[in-house]
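Okay, target_27.txt now, which holds compact mmCIF, C-alpha atoms and all ligand atoms:
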```
# COMPACT_ATOMS: atom_id res chain seq x y z
CA MET W 1 84.94 91.03 86.11
CA ALA W 2 87.14 88.84 83.97
CA LEU W 3 84.36 88.70 81.47
CA TYR W 4 84.84 92.32 80.57
CA GLU W 5 88.57 92.36 80.70
CA ILE W 6 89.88 93.75 77.49
CA LYS W 7 93.16 92.34 76.37
CA GLU W 8 94.93 94.51 73.89
CA GLU W 9 95.57 92.42 70.82
CA LYS W 10 99.20 92.36 69.80
CA GLU W 11 99.78 93.26 66.23
CA ARG W 12 100.93 90.31 64.17
CA VAL W 13 103.36 91.14 61.42
CA ILE W 14 105.29 89.35 58.71
CA LEU W 15 108.92 90.28 58.20
CA VAL W 16 110.10 90.82 54.64
CA GLY W 17 113.70 90.98 53.50
CA VAL W 18 115.62 91.03 50.24
CA SER W 19 118.83 89.10 49.89
CA THR W 20 121.00 90.59 47.18
CA ARG W 21 124.04 88.35 47.57
CA GLU W 22 124.72 84.72 48.37
CA ASN W 23 125.43 84.30 52.08
CA ASP W 24 124.69 87.88 53.00
CA ASP W 25 123.35 88.75 56.45
CA THR W 26 119.65 88.93 55.54
CA GLU W 27 118.63 86.10 57.89
CA ASP W 28 120.55 87.65 60.80
CA SER W 29 119.19 91.06 60.00
CA LEU W 30 115.65 89.61 60.09
CA ASP W 31 116.40 87.92 63.44
CA GLU W 32 117.29 91.35 64.70
CA LEU W 33 114.21 92.89 63.10
CA LYS W 34 112.17 90.29 64.97
CA ASP W 35 113.67 91.55 68.26
CA LEU W 36 113.04 95.13 67.24
CA VAL W 37 109.40 94.37 66.46
CA LYS W 38 109.04 92.62 69.80
CA THR W 39 110.62 95.56 71.62
CA ALA W 40 108.14 97.85 69.85
CA GLY W 41 105.28 95.73 71.22
CA ALA W 42 104.20 93.60 68.26
CA GLU W 43 104.81 90.01 67.27
CA ALA W 44 106.56 88.71 64.19
CA VAL W 45 104.63 85.64 63.06
CA GLY W 46 106.37 84.86 59.81
CA ARG W 47 109.13 85.84 57.44
CA VAL W 48 109.64 86.04 53.72
CA ILE W 49 112.99 86.47 52.01
CA GLN W 50 113.38 87.17 48.35
CA LYS W 51 116.60 86.57 46.52
CA ARG W 52 117.05 89.19 43.84
CA GLU W 53 119.91 91.24 42.52
CA LEU W 54 118.35 94.54 43.51
CA VAL W 55 115.48 95.64 45.67
CA HIS W 56 112.42 96.19 43.40
CA PRO W 57 112.22 99.96 42.91
CA GLY W 58 108.42 100.04 42.86
CA THR W 59 107.39 97.37 45.32
CA TYR W 60 110.53 96.32 47.25
CA VAL W 61 109.91 92.65 46.33
CA GLY W 62 108.76 91.22 43.01
CA LYS W 63 105.25 90.33 41.90
CA GLY W 64 105.45 86.63 42.74
CA LYS W 65 106.68 87.35 46.24
CA ILE W 66 103.87 89.80 46.83
CA GLU W 67 101.39 87.04 46.08
CA GLU W 68 103.21 84.78 48.50
CA ILE W 69 103.04 87.48 51.17
CA ARG W 70 99.33 87.99 50.53
CA GLU W 71 98.65 84.30 51.11
CA LEU W 72 100.83 84.21 54.19
CA LEU W 73 99.05 87.23 55.65
CA TRP W 74 95.79 85.38 55.35
CA GLU W 75 97.17 82.06 56.56
CA LEU W 76 98.87 83.52 59.63
CA ASP W 77 96.11 85.99 60.36
CA ALA W 78 98.65 88.83 60.24
CA THR W 79 97.81 92.52 60.30
CA GLY W 80 100.78 93.98 58.54
CA ILE W 81 104.27 93.60 57.13
CA VAL W 82 107.62 95.08 58.14
CA CYS W 83 110.27 95.41 55.44
CA ASP W 84 113.88 95.21 56.54
CA ASP W 85 115.04 98.27 54.58
CA GLU W 86 113.81 101.84 54.53
CA LEU W 87 111.08 102.00 51.89
CA SER W 88 110.72 104.79 49.38
CA PRO W 89 107.36 106.61 49.32
CA ALA W 90 106.49 104.78 46.09
CA GLN W 91 107.29 101.36 47.54
CA MET W 92 105.33 102.16 50.67
CA ASN W 93 102.27 103.33 48.75
CA ASN W 94 102.30 100.56 46.19
CA LEU W 95 102.65 97.81 48.76
CA THR W 96 99.85 99.34 50.82
CA ASP W 97 97.58 99.51 47.77
CA ILE W 98 98.29 95.97 46.65
CA LEU W 99 98.26 94.21 50.01
CA ASP W 100 95.71 96.41 51.78
CA VAL W 101 97.40 95.98 55.15
CA LYS W 102 99.63 98.13 57.29
CA VAL W 103 103.07 98.41 55.69
CA MET W 104 106.05 99.39 57.81
CA ASP W 105 109.81 99.39 57.48
CA ARG W 106 112.77 98.90 59.78
CA THR W 107 113.20 102.64 60.24
CA MET W 108 109.64 103.11 61.51
CA VAL W 109 110.10 100.34 64.06
CA ILE W 110 113.37 101.77 65.34
CA LEU W 111 111.89 105.28 65.52
CA ASP W 112 108.96 103.80 67.39
CA ILE W 113 111.21 102.24 70.01
CA PHE W 114 113.14 105.46 70.40
CA ALA W 115 109.87 107.37 70.83
CA GLY W 116 108.82 105.03 73.61
CA ARG W 117 112.20 105.37 75.33
CA ALA W 118 112.92 109.09 75.17
CA SER W 119 112.70 110.56 78.63
CA THR W 120 114.72 113.77 78.72
CA SER W 121 113.64 116.82 76.79
CA GLU W 122 116.69 116.50 74.57
CA GLY W 123 115.82 112.89 73.76
CA LYS W 124 112.22 113.81 73.01
CA ILE W 125 113.19 116.66 70.69
CA GLN W 126 115.62 114.42 68.85
CA VAL W 127 113.13 111.59 68.38
CA GLU W 128 110.34 113.87 67.21
CA LEU W 129 112.70 115.54 64.77
CA ALA W 130 113.81 112.21 63.33
CA GLN W 131 110.19 111.05 63.03
CA LEU W 132 109.03 114.22 61.32
CA LYS W 133 111.92 114.15 58.88
CA TYR W 134 111.12 110.57 58.06
CA ARG W 135 107.44 111.41 57.57
CA GLN W 136 108.33 114.41 55.51
CA SER W 137 110.34 112.22 53.18
CA GLN W 138 107.44 109.78 52.93
CA LEU W 139 104.97 112.56 52.23
CA THR W 140 106.71 113.50 49.02
CA GLY W 141 104.66 110.61 47.66
CA ALA W 142 100.89 110.57 47.83
CA GLY W 143 100.89 109.72 51.51
CA ARG W 144 98.24 107.01 51.16
CA ALA W 145 100.33 104.56 53.14
CA MET W 146 100.64 106.97 56.03
CA SER W 147 96.90 107.38 56.38
CA ARG W 148 96.50 103.61 56.23
CA LEU W 149 98.60 103.23 59.36
CA GLY W 150 95.91 104.12 61.88
CA GLY W 151 97.54 103.41 65.23
CA GLY W 152 99.70 100.80 66.91
CA ILE W 153 103.37 100.25 66.35
CA GLY W 154 105.16 102.49 63.94
CA THR W 155 103.02 105.45 64.91
CA ARG W 156 104.11 106.26 68.43
CA GLY W 157 105.22 109.81 69.03
CA PRO W 158 105.70 112.41 71.70
CA GLY W 159 102.81 114.45 70.35
CA GLU W 160 99.39 113.35 69.14
CA LYS W 161 97.84 113.27 65.71
CA LYS W 162 101.21 113.61 64.07
CA LEU W 163 99.96 111.64 61.11
CA GLU W 164 97.37 114.19 60.15
CA MET W 165 99.87 117.02 60.08
CA ASP W 166 100.23 118.47 56.65
CA ARG W 167 103.49 119.24 54.99
CA ARG W 168 103.57 122.90 55.91
CA LEU W 169 102.94 122.18 59.57
CA ILE W 170 105.63 119.53 59.57
CA LYS W 171 108.06 121.98 58.08
CA ASN W 172 107.29 124.60 60.72
CA ARG W 173 107.56 122.11 63.52
CA ILE W 174 110.90 120.82 62.19
CA ALA W 175 112.24 124.38 62.14
CA GLN W 176 111.08 124.92 65.72
CA LEU W 177 112.60 121.65 66.92
CA ASN W 178 115.85 122.50 65.20
CA ARG W 179 115.95 125.79 67.08
CA GLU W 180 115.33 124.01 70.39
CA LEU W 181 117.97 121.45 69.57
CA ARG W 182 120.53 124.15 68.82
CA GLU W 183 119.91 125.55 72.29
CA VAL W 184 120.41 122.11 73.87
CA LYS W 185 123.49 121.59 71.78
CA ARG W 186 125.00 124.85 72.96
CA HIS W 187 124.46 123.75 76.52
CA ARG W 188 126.09 120.42 75.79
CA GLU W 189 129.06 122.15 74.22
CA LEU W 190 129.45 124.34 77.30
CA THR W 191 129.48 121.28 79.56
CA ARG W 192 131.98 119.67 77.26
CA GLU W 193 134.18 122.75 77.31
CA GLN W 194 134.03 122.78 81.08
CA ARG W 195 135.20 119.18 81.14
CA THR W 196 138.07 119.89 78.79
CA LYS W 197 139.06 122.81 80.98
CA ASN W 198 139.05 120.54 83.99
CA ARG W 199 141.30 118.16 82.08
CA ILE W 200 139.61 115.10 83.45
CA PRO W 201 139.96 112.49 80.69
CA VAL W 202 136.67 111.41 79.13
CA VAL W 203 136.08 107.79 78.17
CA ALA W 204 133.11 107.19 75.86
CA ILE W 205 131.49 103.78 76.14
CA VAL W 206 130.24 102.76 72.72
CA GLY W 207 129.00 99.51 71.25
CA TYR W 208 126.23 97.60 69.60
CA THR W 209 122.86 97.78 71.32
CA ASN W 210 122.50 95.26 74.18
CA ALA W 211 126.26 94.69 74.41
CA GLY W 212 126.30 95.60 78.10
CA LYS W 213 127.44 99.24 78.05
CA SER W 214 125.12 100.39 80.82
CA THR W 215 125.85 97.32 82.92
CA LEU W 216 129.55 98.11 82.65
CA LEU W 217 129.01 101.74 83.66
CA ASN W 218 126.93 100.58 86.61
CA THR W 219 129.48 98.04 87.79
CA LEU W 220 132.32 100.53 87.44
CA THR W 221 130.63 103.54 89.00
CA GLY W 222 127.40 102.42 90.64
CA ALA W 223 125.59 104.78 88.29
CA GLY W 224 122.23 103.02 88.55
CA VAL W 225 121.47 103.37 84.84
CA LEU W 226 118.72 101.19 83.41
CA GLN W 227 120.17 97.97 82.09
CA GLU W 228 117.86 95.61 80.32
CA ASP W 229 117.82 92.70 77.95
CA GLN W 230 116.27 94.93 75.34
CA LEU W 231 117.37 96.85 72.31
CA PHE W 232 117.97 100.55 72.87
CA ALA W 233 117.42 100.53 76.62
CA THR W 234 119.60 103.66 76.79
CA LEU W 235 118.93 106.82 74.82
CA ASP W 236 120.34 109.61 76.91
CA PRO W 237 123.99 109.81 77.76
CA THR W 238 124.97 109.43 81.41
CA THR W 239 128.36 110.51 82.69
CA ARG W 240 129.93 109.35 85.94
CA SER W 241 133.38 109.67 87.39
CA ARG W 242 135.62 106.90 88.61
CA LYS W 243 139.17 106.59 89.83
CA LEU W 244 141.77 104.49 88.05
CA PRO W 245 144.15 102.30 90.10
CA SER W 246 146.74 105.12 90.08
CA GLY W 247 144.24 107.54 91.56
CA GLN W 248 143.69 109.38 88.29
CA GLU W 249 140.08 110.40 87.87
CA ILE W 250 138.21 109.73 84.61
CA LEU W 251 134.72 110.46 83.32
CA LEU W 252 132.82 107.57 81.78
CA THR W 253 129.95 108.30 79.42
CA ASP W 254 127.37 105.67 78.48
CA THR W 255 125.39 106.40 75.37
CA VAL W 256 122.89 105.12 72.82
CA GLY W 257 123.78 101.81 71.17
CA PHE W 258 124.42 101.24 67.48
CA ILE W 259 122.58 98.85 65.17
CA ARG W 260 122.91 97.90 61.53
CA LYS W 261 120.91 100.09 59.18
CA LEU W 262 120.56 102.80 61.81
CA PRO W 263 118.17 105.26 60.14
CA HIS W 264 120.05 108.28 58.83
CA HIS W 265 117.38 110.66 60.11
CA LEU W 266 118.07 109.27 63.54
CA ILE W 267 121.80 109.71 63.18
CA ASP W 268 121.26 113.32 62.12
CA ALA W 269 118.87 114.06 64.95
CA PHE W 270 120.96 112.25 67.55
CA LYS W 271 124.21 113.64 66.30
CA SER W 272 124.98 115.65 69.42
CA THR W 273 124.31 112.60 71.60
CA LEU W 274 126.18 110.19 69.37
CA GLU W 275 129.02 112.64 69.08
CA GLU W 276 130.02 112.05 72.70
CA ALA W 277 132.56 109.64 71.24
CA LYS W 278 133.99 112.35 69.01
CA TYR W 279 135.04 114.49 71.93
CA ALA W 280 136.30 111.72 74.17
CA ASP W 281 139.95 111.05 74.96
CA LEU W 282 139.44 107.35 74.60
CA ILE W 283 136.81 105.02 73.19
CA LEU W 284 135.79 102.03 75.24
CA HIS W 285 134.21 99.62 72.77
CA VAL W 286 131.97 97.07 74.49
CA VAL W 287 131.34 93.88 72.52
CA ASP W 288 128.89 91.11 73.42
CA ALA W 289 131.29 88.21 72.99
CA SER W 290 128.49 85.71 73.60
CA ASN W 291 126.64 86.86 70.49
CA PRO W 292 127.25 84.75 67.38
CA GLN W 293 126.96 88.00 65.39
CA MET W 294 129.88 89.56 67.25
CA ASP W 295 132.04 90.22 64.19
CA GLU W 296 129.29 91.89 62.16
CA GLN W 297 128.33 93.97 65.17
CA MET W 298 131.88 95.19 65.66
CA TYR W 299 132.01 96.09 61.99
CA VAL W 300 128.82 98.13 62.31
CA VAL W 301 130.19 99.96 65.35
CA TYR W 302 133.39 101.00 63.57
CA GLU W 303 131.45 102.00 60.50
CA THR W 304 129.17 104.20 62.59
CA LEU W 305 132.12 105.74 64.44
CA GLN W 306 133.65 106.54 61.08
CA ARG W 307 130.45 108.27 60.01
CA LEU W 308 130.65 110.33 63.20
CA GLU W 309 134.30 111.13 62.50
CA ALA W 310 135.33 109.65 65.84
CA MET W 311 137.83 107.08 64.67
CA ASP W 312 140.99 109.06 65.39
CA LYS W 313 140.98 108.08 69.08
CA PRO W 314 142.65 105.28 70.91
CA VAL W 315 140.28 102.33 71.33
CA VAL W 316 140.11 99.81 74.14
CA THR W 317 137.82 96.91 73.28
CA ALA W 318 136.15 95.04 76.13
CA PHE W 319 134.86 91.62 75.10
CA ASN W 320 131.96 91.38 77.52
CA LYS W 321 129.74 88.59 78.88
CA MET W 322 132.71 86.26 79.24
CA ASP W 323 130.81 84.55 82.09
CA ARG W 324 128.58 83.10 79.39
CA ILE W 325 131.30 81.56 77.30
CA GLY W 326 134.32 79.39 77.87
CA GLU W 327 137.81 80.75 78.17
CA SER W 328 138.57 78.96 74.93
CA LEU W 329 136.96 81.61 72.76
CA THR W 330 139.57 83.56 70.85
CA VAL W 331 138.75 87.18 70.37
CA ARG W 332 140.54 89.77 68.32
CA ASP W 333 140.08 93.30 67.17
CA PHE W 334 142.68 94.77 64.86
CA LYS W 335 141.22 98.24 65.24
CA ALA W 336 141.78 98.33 68.99
CA ASP W 337 144.90 99.49 70.81
CA ARG W 338 144.15 97.07 73.63
CA ILE W 339 141.70 94.25 74.13
CA VAL W 340 140.42 92.89 77.43
CA GLN W 341 138.01 90.10 78.27
CA VAL W 342 135.50 91.07 80.93
CA SER W 343 132.17 90.34 82.50
CA ALA W 344 130.33 93.48 83.48
CA LYS W 345 127.98 91.25 85.44
CA THR W 346 130.49 89.39 87.63
CA GLY W 347 133.19 92.06 87.62
CA GLU W 348 135.69 89.62 86.15
CA GLY W 349 138.45 91.34 84.16
CA LEU W 350 137.52 94.87 85.18
CA GLU W 351 140.83 95.50 86.95
CA ALA W 352 142.65 94.62 83.73
CA LEU W 353 140.28 96.89 81.82
CA LEU W 354 141.02 99.86 84.06
CA GLN W 355 144.71 99.05 83.77
CA ALA W 356 144.46 99.14 79.99
CA ILE W 357 142.62 102.46 80.08
CA GLU W 358 145.28 103.85 82.37
CA GLU W 359 148.09 102.73 80.11
CA ILE W 360 146.52 104.28 77.04
CA LEU W 361 145.82 107.55 78.81
CA ARG W 362 149.37 107.55 80.12
CA GLU W 363 150.66 107.36 76.57
CA GLN W 364 148.99 110.70 76.03
CA LYS W 365 150.89 112.21 78.95
CA ILE W 366 154.49 113.14 79.46
CA TYR W 367 156.81 112.02 82.21
CA ILE W 368 158.45 114.75 84.30
CA GLU W 369 161.06 114.80 87.05
CA ARG W 370 161.34 118.16 88.73
CA VAL W 371 162.37 119.93 91.88
CA TYR W 372 159.93 122.52 93.21
CA SER W 373 160.60 125.09 95.89
CA TYR W 374 158.41 124.95 98.96
CA GLN W 375 156.55 128.04 97.71
CA GLU W 376 155.47 126.11 94.62
CA SER W 377 153.42 123.46 96.39
CA GLY W 378 150.36 124.70 94.47
CA LYS W 379 151.84 123.16 91.34
CA ILE W 380 152.04 119.82 93.08
CA GLN W 381 148.36 120.16 93.87
CA LEU W 382 147.74 120.66 90.15
CA ILE W 383 149.73 117.56 89.29
CA ARG W 384 147.90 115.54 91.88
CA LYS W 385 144.58 116.68 90.52
CA TYR W 386 145.11 116.35 86.79
CA GLY W 387 148.06 114.07 86.43
CA GLU W 388 149.58 111.14 88.17
CA LEU W 389 151.95 111.90 91.02
CA LEU W 390 154.39 109.00 91.23
CA GLU W 391 156.81 110.26 93.86
CA GLU W 392 157.27 113.31 96.01
CA GLU W 393 160.18 113.72 98.35
CA TYR W 394 160.73 116.63 100.70
CA LYS W 395 164.42 117.48 100.67
CA GLU W 396 166.52 120.46 101.67
CA ASP W 397 166.66 121.93 98.18
CA GLY W 398 162.94 121.53 97.60
CA ILE W 399 160.31 118.99 96.73
CA HIS W 400 161.49 116.30 94.33
CA VAL W 401 158.67 115.13 92.12
CA SER W 402 158.26 112.50 89.43
CA ALA W 403 154.91 112.38 87.64
CA TYR W 404 152.92 111.90 84.47
CA VAL W 405 151.16 115.07 83.43
CA PRO W 406 148.82 115.91 80.55
CA LYS W 407 150.72 117.63 77.75
CA GLU W 408 148.69 120.84 78.14
CA LEU W 409 149.56 121.04 81.80
CA ASP W 410 153.29 120.85 81.25
CA GLY W 411 153.71 124.59 80.77
CA ARG W 412 151.92 125.35 84.01
CA VAL W 413 153.95 123.05 86.24
N1 LIG F 501 125.68 87.19 81.31
C1 LIG F 501 125.98 88.47 81.21
N2 LIG F 501 125.01 89.35 80.87
C2 LIG F 501 125.34 90.66 80.76
C3 LIG F 501 126.66 91.12 80.98
N3 LIG F 501 126.67 92.45 80.78
C4 LIG F 501 125.41 92.80 80.44
N4 LIG F 501 124.60 91.73 80.45
C5 LIG F 501 123.16 91.70 80.13
O1 LIG F 501 122.95 92.15 78.82
C6 LIG F 501 121.74 92.89 78.70
C7 LIG F 501 122.01 94.24 78.10
O2 LIG F 501 122.76 95.02 78.99
P1 LIG F 501 122.78 96.60 78.94
O3 LIG F 501 123.83 97.04 79.88
O4 LIG F 501 121.42 97.16 79.07
O5 LIG F 501 123.27 96.82 77.44
P2 LIG F 501 123.51 98.19 76.65
O6 LIG F 501 124.72 97.98 75.82
O7 LIG F 501 123.52 99.33 77.58
O8 LIG F 501 122.25 98.19 75.71
P3 LIG F 501 121.39 99.42 75.08
O9 LIG F 501 121.36 100.55 76.04
O10 LIG F 501 120.06 98.80 74.86
O11 LIG F 501 122.07 99.77 73.79
C8 LIG F 501 121.18 92.95 80.12
O12 LIG F 501 120.20 91.94 80.25
C9 LIG F 501 122.38 92.67 81.00
O13 LIG F 501 122.03 92.08 82.23
C10 LIG F 501 127.67 90.16 81.35
O14 LIG F 501 128.85 90.45 81.56
N5 LIG F 501 127.26 88.86 81.43
MG MG F 502 122.31 100.91 77.75
```
Spit out the file's structure as structure tokens when you get a sec.
Ligand SMILES: Nc1nc2c(ncn2[C@@H]2O[C@H](COP(=O)(O)OP(=O)(O)OP(=O)(O)O)[C@@H](O)[C@H]2O)c(=O)[nH]1
Ligand SMILES: [Mg+2]
Amino acid sequence: MALYEIKEEKERVILVGVSTRENDDTEDSLDELKDLVKTAGAEAVGRVIQKRELVHPGTYVGKGKIEEIRELLWELDATGIVCDDELSPAQMNNLTDILDVKVMDRTMVILDIFAGRASTSEGKIQVELAQLKYRQSQLTGAGRAMSRLGGGIGTRGPGEKKLEMDRRLIKNRIAQLNRELREVKRHRELTREQRTKNRIPVVAIVGYTNAGKSTLLNTLTGAGVLQEDQLFATLDPTTRSRKLPSGQEILLTDTVGFIRKLPHHLIDAFKSTLEEAKYADLILHVVDASNPQMDEQMYVVYETLQRLEAMDKPVVTAFNKMDRIGESLTVRDFKADRIVQVSAKTGEGLEALLQAIEEILREQKIYIERVYSYQESGKIQLIRKYGELLEEEYKEDGIHVSAYVPKELDGRV
């Protein structure tokens, strides 16, 4: 039996990056690319970095480097290369012609992972749309590189034979997907409207991929969302409710993680998902404090939030995975209104986190002291539901109440 067992050969690829400045983050970016390639199901067996002022417009790296890559391909028995930046059609085609191996870029690998992860219909539509838009942009060239791809990583998709699709078909399909997405988006907006009407504050959990967002949601709400030591474990947003220490209810939404050089086609396609943060009352920024790249990752998160126009919200930053590091680590985040050190795994610091969320939300409310007649007890129900009832005393002249209420509710109570 074992004799006939067929083991699928893992693709072996060489990572290629261009460093345009002294001490830039090319090495770290390639470390990350290595993880991405692994997540996509291939193996990175070598890396080449070229120092040059600009990426070569025709071939990404210069002539000498290409020769070096050619030798390395042979030496390491590799089947392809993955460049760390999105390649232009010309670069893609030229490299394919010269090297005669499969040429991929960071975008293709990320799209590939997303394609493997999408489970809801919304996720699938969004991934296919991003892939087709990417392919469409590549097809403006001769498209030789695309036909060279064959199968394996970089080619995964919800449908089959996507590669053979011609430009016209791609265009039609994109139009159709856009229509479907608009429908989904309308539905999402309705749900969002409903939530706003209910006045339950929404907290969006954002952060770099693998920071521990889903683990935090699970620990706080028992949501049972997939949490894994993998990049982009989560694609579809999950929302769960939870009570704060004061009894105030909030909705927590876990969503897709950010990464440096997140493909713009993906951002466009996933806009409605990523935009969860835009419509939240508060942003809960989860940071993997055990990652040496913590500062760069935080920078990327804020940059992405800016692109999504979601930076006008209060931010609470949770430095996560504190169980992995000593207390001695100093953490700071000048963009945050509050910072808390937590471990989503052990539960350490979560009380303080909820406290911080409560304080920030309270700042968005107003304090009232009122006396209601006994006929008005319905208003007290409203306060209890949407605000924070601090005291209620039943006296002869009525019910004496002190509370924090959302600004919009003030007129009604
Ligand atoms: N030691 C430790 N590990 C943690 C902690 N929180 C999360 N992890 C681990 O970190 C990995 C990533 O956690 P996830 O919750 O999937 O991260 P995420 O931010 O949702 O990641 P994506 O959905 O992939 O963007 C998992 O292996 C978790 O077990 C923590 O507080 N301490
Ligand atoms: Mg997750």
- Item | Residues within 7 Å of His265 of chain W, all atoms listed in the file, excluding chain neighbours under 3 positions, as a count of residues only | 5
- Straight-line distance linking atom CA of Arg70 of chain W with atom CA of Asp31 of chain W, stated in Å to one decimal: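 Atom CA of Arg70 of chain W sits 21.4 Å away from atom CA of Asp31 of chain W.
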- Message: Considering only C-alpha atoms and all ligand atoms, can you say which of W:Leu129, W:Ile205, W:Ala310, W:Leu99 comes closest to ligand LIG 501 (chain F)?
- Response: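 That would be W:Ile205, the residue with the smallest distance to ligand LIG 501 (chain F).
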- Note on the structure: Restricting to only C-alpha atoms, whichever of W:Ser241, W:Ser290, W:Thr221, W:Gln306 is closest to Leu274 of chain W is W:Gln306
- Task: Grab the atom C8 of ligand LIG 501 (chain F) to atom CA of Lys38 of chain W distance for me, in Å with one decimal place.
- Result: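 Atom CA of Lys38 of chain W lies 15.9 Å from atom C8 of ligand LIG 501 (chain F).
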Centre and edge lengths of an axis-aligned box around all listed atoms of ligand LIG 501 (chain F), with 8 Å added on each side, are to be given in Å to one decimal, as JSON.
```
{"center_x": 124.5, "center_y": 93.9, "center_z": 78.0, "size_x": 24.8, "size_y": 29.4, "size_z": 24.4}
```
- Determine, counting only C-alpha atoms, which protein, DNA and RNA residues have an atom within 7 Å of an atom of segment 84-98 of chain W; residues of the same chain fewer than 2 positions away are not included. Present the result as a ChimeraX atom specification. /W:16-17,30,33,57-60,82,100-103,105-107,138,140-141,144-145
- Task: Check every protein, DNA and RNA residue against ligand LIG 501 (chain F), keep those with an atom at most 9 Å away (counting all atoms listed in the file), and present them as a ChimeraX atom specification.
- Result: /W:205-218,225-235,254-259,286-288,290,319-325,342-348
Please dump the current selection as a compact mmCIF listing (two decimals), in the coordinates of the input; keep C-alpha atoms.
```txt
# COMPACT_ATOMS: atom_id res chain seq x y z
CA ILE W 205 131.49 103.78 76.14
CA VAL W 206 130.24 102.76 72.72
CA GLY W 207 129.00 99.51 71.25
CA TYR W 208 126.23 97.60 69.60
CA THR W 209 122.86 97.78 71.32
CA ASN W 210 122.50 95.26 74.18
CA ALA W 211 126.26 94.69 74.41
CA GLY W 212 126.30 95.60 78.10
CA LYS W 213 127.44 99.24 78.05
CA SER W 214 125.12 100.39 80.82
CA THR W 215 125.85 97.32 82.92
CA LEU W 216 129.55 98.11 82.65
CA LEU W 217 129.01 101.74 83.66
CA ASN W 218 126.93 100.58 86.61
CA VAL W 225 121.47 103.37 84.84
CA LEU W 226 118.72 101.19 83.41
CA GLN W 227 120.17 97.97 82.09
CA GLU W 228 117.86 95.61 80.32
CA ASP W 229 117.82 92.70 77.95
CA GLN W 230 116.27 94.93 75.34
CA LEU W 231 117.37 96.85 72.31
CA PHE W 232 117.97 100.55 72.87
CA ALA W 233 117.42 100.53 76.62
CA THR W 234 119.60 103.66 76.79
CA LEU W 235 118.93 106.82 74.82
CA ASP W 254 127.37 105.67 78.48
CA THR W 255 125.39 106.40 75.37
CA VAL W 256 122.89 105.12 72.82
CA GLY W 257 123.78 101.81 71.17
CA PHE W 258 124.42 101.24 67.48
CA ILE W 259 122.58 98.85 65.17
CA VAL W 286 131.97 97.07 74.49
CA VAL W 287 131.34 93.88 72.52
CA ASP W 288 128.89 91.11 73.42
CA SER W 290 128.49 85.71 73.60
CA PHE W 319 134.86 91.62 75.10
CA ASN W 320 131.96 91.38 77.52
CA LYS W 321 129.74 88.59 78.88
CA MET W 322 132.71 86.26 79.24
CA ASP W 323 130.81 84.55 82.09
CA ARG W 324 128.58 83.10 79.39
CA ILE W 325 131.30 81.56 77.30
CA VAL W 342 135.50 91.07 80.93
CA SER W 343 132.17 90.34 82.50
CA ALA W 344 130.33 93.48 83.48
CA LYS W 345 127.98 91.25 85.44
CA THR W 346 130.49 89.39 87.63
CA GLY W 347 133.19 92.06 87.62
CA GLU W 348 135.69 89.62 86.15
```
- Message: I'd like the contact shell of Ile200 of chain W - 8 Å cut-off, only C-alpha atoms, skipping same-chain residues fewer than 3 positions apart - returned as an MDAnalysis selection string.
- Response: chainID W and resid 195:196 249:251 386
May I have the selected residues written with C-alpha atoms, as a short mmCIF file (atom, residue, chain, number, x, y, z; two decimals), in the coordinates of the input?
```cif
data_model
loop_
_atom_site.label_atom_id
_atom_site.label_comp_id
_atom_site.auth_asym_id
_atom_site.auth_seq_id
_atom_site.Cartn_x
_atom_site.Cartn_y
_atom_site.Cartn_z
CA ARG W 195 135.20 119.18 81.14
CA THR W 196 138.07 119.89 78.79
CA GLU W 249 140.08 110.40 87.87
CA ILE W 250 138.21 109.73 84.61
CA LEU W 251 134.72 110.46 83.32
CA TYR W 386 145.11 116.35 86.79
#
```
- Message: Using all atoms listed in the file, can you tell me which of W:Val48, W:Met294, W:Leu329, W:Leu284 comes closest to Met311 of chain W?
- Response: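 Nearest to Met311 of chain W: W:Leu284.
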- From the set W:Glu396, W:Asp236, W:Glu363, W:Glu22, which residue has the shortest atom-to-atom contact distance to Asp281 of chain W, counting only C-alpha atoms?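 Under the stated criterion, the closest residue is W:Glu363.
The closest residue to Ala204 of chain W, picked from W:Leu262, W:Ile283, W:Ala318, W:Ile383 and counting all atoms listed in the file, is W:Ile283.
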- Nearest to ligand MG 502 (chain F), chosen from W:Gly411, W:Ala44, W:Leu181, W:Thr253, with all atoms listed in the file counted in the distances: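 That would be W:Thr253, the residue with the smallest distance to ligand MG 502 (chain F).
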- Message: Can you pull out the residues contacting Asp112 of chain W? Cut-off 12 Å, using all atoms listed in the file, and skip same-chain residues under 5 positions away; I want them as a PyMOL selection string.
- Response: chain W and resi 36-42+104-107+117-118+124+127-128+130-131+134+151-158+231-232+263+266
- Message: Quick one: residues within 10 Å of Tyr374 of chain W, all atoms listed in the file, excluding same-chain residues fewer than 6 positions away - as a ChimeraX atom specification?
- Response: /W:394-399
- Task: Please write as an NGL selection string the list of polymer residues whose atoms come within 9 Å of (149.9, 110.7, 90.8), counting only C-alpha atoms and keeping to the coordinates of the file.
- Result: :W and (246-248 or 383-391 or 402-405)
- Task: Record the distance separating atom CA of Lys34 of chain W and atom CA of Leu15 of chain W, expressed in Å with one decimal.
- Result: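 Here the two named atoms are 7.5 Å from each other.
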